[in-house]
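Just below is one structure, and these are the notes that go with it.
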Amino acid sequence: MSEIHSTAVIEPGAELGENVSIGAFCSVGSNVSLGDGCRLISHAVVAGRTSIGANTHIYPFACIGHQPQDLKYQGEPSTLEIGANNIIRENVTMNPGTEGGGMVTRVGNNCLFMVGAHVAHDGVVGNHVIFANNATIAGHVVVEDYAVLGGLSAVHQFVRIGCHAMIGGMSGVEQDVIPYGSVLGNRARLAGLNVVGIRRRGFSRSEIADLRKAYRLLFAEEGSMSERLVDVSEMYKENQAVMDIVDFIRRDSNRSICQPRTEHGT
């Protein structure tokens with residue numbers, strides 16, 4: 001049985017699943033769909049053409065589904081799709097898509113968005129992703145599964161963040177971050193592998209050892225990146241994690257790959 005506070009505003013047309021809880025002074029728009037067990041704590045606003053999966057919890061003053069912060073947006077019927085079992089904390093903002101990005105913003109399952117995090121228009125966020133306090137992604141950003149964005153970090157539009165990557169706190173990310181990579185800095189540079197994170201995910205010692213060897217080969221000074229990719233893909237074709245990196249680098253992208261800092265600091 002759903003529980004709706006007397007001060008909440010639920011517009012006609014909104015679809016509510018079973019056992020939904022909507023707290024004081026919340027607002028749910030007419031084109032919103034809330035899955036079973038969703039909980040809006042209080043003072044949360046869900047607007048636009050927004051669908052939210054089961055058992056997602058939204059905390060006070062989160063603003064979900066309002067029109068994108070893009071001056072090119074002209075009221076197109078774009079959408080925001082949020083998966084199940086997410087935690088969306090206070091003051092989080094998420095915007096729907098735009099005509100220039102496929103008309104949809106997507107967020108996966110089992111993610112944590114801490115206070116003040118922002119998901120901009122046309123973003124794609126995978127599963128088990130963590131945005132720490134005030135982490136922000138611009139439009140058209142892709143964040144793959146198990147990635148972690150540190151507090152106050154910001155990701156430039158069209159950047160890709162690979163699976164299991166770690167973005168250090170207060171980093172500004174302008175280039176694609178390889179899967180399992182760790183970046184940090186005002187203008188972030190690749191600082192190695194997210195070894196702590198992948199250990200926590202249960203990767204074996206041999207898998208991690210191969211990742212380290214492949215990383216050193218990929219970012220060695222000898223040869224071109226395309227040549228090194230061929231060598232690594234042949235040497236570690238049985239290691240899925242290494243191949244995740246190879247495939248990621250080979251995909252088309254609007255951005256270059258984030259590189260380690262050189263001896264000269266560039």
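For the structure tokens, the naming scheme is as follows: chains receive sequential letters (A, B, ...) according to their order of presentation, residues are indexed from 1 within each chain, and ligands are indexed from 1 in presentation order.
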
Original post:
Which polymer residues have any atom within 9 Å of an atom of region 86-101 of chain A, counting only C-alpha atoms, with same-chain residues fewer than 3 positions away left out, as a count of residues only?
Top reply: 57

Original post:
Can you list, as a ChimeraX atom specification, every residue of region 166-252 of chain A that DSSP puts in strand (DSSP E or B)?
Top reply: /A:166-167,172-173,176-177,181-184,189-193

**OP:** Within 8 Å of Leu218 (chain A), counting only C-alpha atoms, which residues show up once you throw out same-chain ones fewer than 4 positions away? Write them as number ranges by chain, please.
**Re:** A: 214, 225, 228-229, 232

**OP:** Using only C-alpha atoms, pick whichever of A:Ser253, A:Gln259, A:Asn133, A:Ser2 has the shortest atom-to-atom distance to Gly35 (chain A).
**Re:**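 Of A:Ser253, A:Gln259, A:Asn133, A:Ser2, the one nearest Gly35 (chain A) is A:Ser2, counting only C-alpha atoms.
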
Original post:
Out of A:Ile245, A:Phe219, A:Glu234, A:Val143, which residue has the shortest atom-to-atom distance to Arg261 (chain A) when counting only C-alpha atoms?
Top reply: A:Phe219

**OP:** Might you pull out every residue within 8 Å of Met170 (chain A), with only C-alpha atoms counted and same-chain residues fewer than 2 positions away left off, and present them as a list in words?
**Re:**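 Counting only the stated atoms, we get Gly150, Gly151, Leu152, Ser153, Ala154, Gly168, Gly172, Leu184, Gly185 and Asn186 of chain A.
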
Same residues, N, CA and C atoms, output as a PDB file, in the first residue's frame:
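Writing the result to result.pdb gives the following:
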ATOM      1  N   GLY A 150      34.994  11.150  -7.663  1.00  0.00           N
ATOM      2  CA  GLY A 150      35.270  11.743  -6.368  1.00  0.00           C
ATOM      3  C   GLY A 150      34.593  13.088  -6.172  1.00  0.00           C
ATOM      4  N   GLY A 151      34.577  13.535  -4.943  1.00  0.00           N
ATOM      5  CA  GLY A 151      33.902  14.773  -4.586  1.00  0.00           C
ATOM      6  C   GLY A 151      34.436  15.979  -5.350  1.00  0.00           C
ATOM      7  N   LEU A 152      33.508  16.825  -5.819  1.00  0.00           N
ATOM      8  CA  LEU A 152      33.825  18.066  -6.519  1.00  0.00           C
ATOM      9  C   LEU A 152      34.524  17.849  -7.854  1.00  0.00           C
ATOM     10  N   SER A 153      34.494  16.638  -8.375  1.00  0.00           N
ATOM     11  CA  SER A 153      35.070  16.397  -9.699  1.00  0.00           C
ATOM     12  C   SER A 153      34.087  16.849 -10.771  1.00  0.00           C
ATOM     13  N   ALA A 154      34.617  17.157 -11.951  1.00  0.00           N
ATOM     14  CA  ALA A 154      33.792  17.617 -13.061  1.00  0.00           C
ATOM     15  C   ALA A 154      34.281  16.974 -14.349  1.00  0.00           C
ATOM     16  N   GLY A 168      39.641  11.109  -9.197  1.00  0.00           N
ATOM     17  CA  GLY A 168      40.009  11.702  -7.923  1.00  0.00           C
ATOM     18  C   GLY A 168      39.206  12.944  -7.606  1.00  0.00           C
ATOM     19  N   GLY A 172      39.372  17.815 -12.805  1.00  0.00           N
ATOM     20  CA  GLY A 172      38.679  18.260 -14.000  1.00  0.00           C
ATOM     21  C   GLY A 172      39.052  17.342 -15.146  1.00  0.00           C
ATOM     22  N   LEU A 184      43.677  11.991 -11.676  1.00  0.00           N
ATOM     23  CA  LEU A 184      43.568  13.050 -10.683  1.00  0.00           C
ATOM     24  C   LEU A 184      44.235  14.304 -11.206  1.00  0.00           C
ATOM     25  N   GLY A 185      43.898  15.419 -10.577  1.00  0.00           N
ATOM     26  CA  GLY A 185      44.524  16.681 -10.927  1.00  0.00           C
ATOM     27  C   GLY A 185      43.539  17.701 -11.440  1.00  0.00           C
ATOM     28  N   ASN A 186      43.937  18.977 -11.353  1.00  0.00           N
ATOM     29  CA  ASN A 186      43.097  20.075 -11.814  1.00  0.00           C
ATOM     30  C   ASN A 186      42.681  19.875 -13.260  1.00  0.00           C
TER      31      ASN A 186
END

Subject >> Atom-to-atom span, CA of Phe131 (chain A) and CA of Arg250 (chain A), Å >> reply: 26.4 Å

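All residues of protein, DNA or RNA that reach within 10 Å of Gln240 (chain A), judged by only C-alpha atoms and not counting those fewer than 4 positions away in the chain, are A:Glu207, A:Leu211, A:Tyr236, A:Asp244, A:Ile245, A:Val246.
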
For the residues in that selection, give me N, CA and C atoms as an mmCIF file, in the first residue's frame.
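The result, written out as out.cif:
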data_model
loop_
_atom_site.group_PDB
_atom_site.id
_atom_site.type_symbol
_atom_site.label_atom_id
_atom_site.label_comp_id
_atom_site.auth_asym_id
_atom_site.auth_seq_id
_atom_site.Cartn_x
_atom_site.Cartn_y
_atom_site.Cartn_z
ATOM 1 N N GLU A 207 44.943 -11.592 -12.511
ATOM 2 C CA GLU A 207 44.257 -10.627 -13.368
ATOM 3 C C GLU A 207 44.833 -9.224 -13.169
ATOM 4 N N LEU A 211 46.880 -6.823 -15.763
ATOM 5 C CA LEU A 211 46.454 -5.443 -16.015
ATOM 6 C C LEU A 211 47.627 -4.480 -15.870
ATOM 7 N N TYR A 236 47.383 -10.579 -24.334
ATOM 8 C CA TYR A 236 46.426 -10.733 -23.226
ATOM 9 C C TYR A 236 44.997 -10.947 -23.733
ATOM 10 N N ASP A 244 38.963 -5.154 -22.204
ATOM 11 C CA ASP A 244 38.065 -4.020 -21.977
ATOM 12 C C ASP A 244 38.783 -2.705 -22.301
ATOM 13 N N ILE A 245 40.036 -2.603 -21.867
ATOM 14 C CA ILE A 245 40.808 -1.387 -22.121
ATOM 15 C C ILE A 245 41.101 -1.241 -23.607
ATOM 16 N N VAL A 246 41.532 -2.331 -24.221
ATOM 17 C CA VAL A 246 41.851 -2.292 -25.653
ATOM 18 C C VAL A 246 40.639 -1.868 -26.472
#

**OP:** Using DSSP on the backbone, list every residue of region 3-248 of chain A that comes out as alpha helix (DSSP H), and give them as a ChimeraX atom specification.
**Re:** /A:195-200,205-218,225-235,240-248

Subject >> Length of the CA of Val20 (chain A) to CA of Val107 (chain A) vector [Å] >> reply: 19.9 Å

Just want the 10 Å neighbourhood of Tyr215 (chain A), counted on only C-alpha atoms, with same-chain residues fewer than 6 positions away dropped. Output as a PDB file with C-alpha atoms, in the first residue's frame.
ATOM      1  CA  TYR A 180      40.242   0.438 -14.498  1.00  0.00           C
ATOM      2  CA  GLY A 181      42.179   3.698 -14.717  1.00  0.00           C
ATOM      3  CA  GLY A 192      47.808   4.439 -12.929  1.00  0.00           C
ATOM      4  CA  LEU A 193      45.236   1.756 -12.273  1.00  0.00           C
ATOM      5  CA  ALA A 209      49.201  -8.482 -12.493  1.00  0.00           C
ATOM      6  CA  VAL A 232      48.706  -6.038 -25.926  1.00  0.00           C
ATOM      7  CA  VAL A 242      42.778  -6.026 -20.492  1.00  0.00           C
ATOM      8  CA  ILE A 245      40.808  -1.387 -22.121  1.00  0.00           C
TER       9      ILE A 245
END

Original post:
How many Å lie between CA of Ser206 (chain A) and CA of Lys237 (chain A), rounded to one decimal?
Top reply: 14.2 Å

Original post:
Within 10 Å of Gly13 (chain A), counting only C-alpha atoms, which residues qualify if same-chain residues fewer than 2 places away don't, as number ranges by chain?
Top reply: A: 10-11, 15-16, 28-33
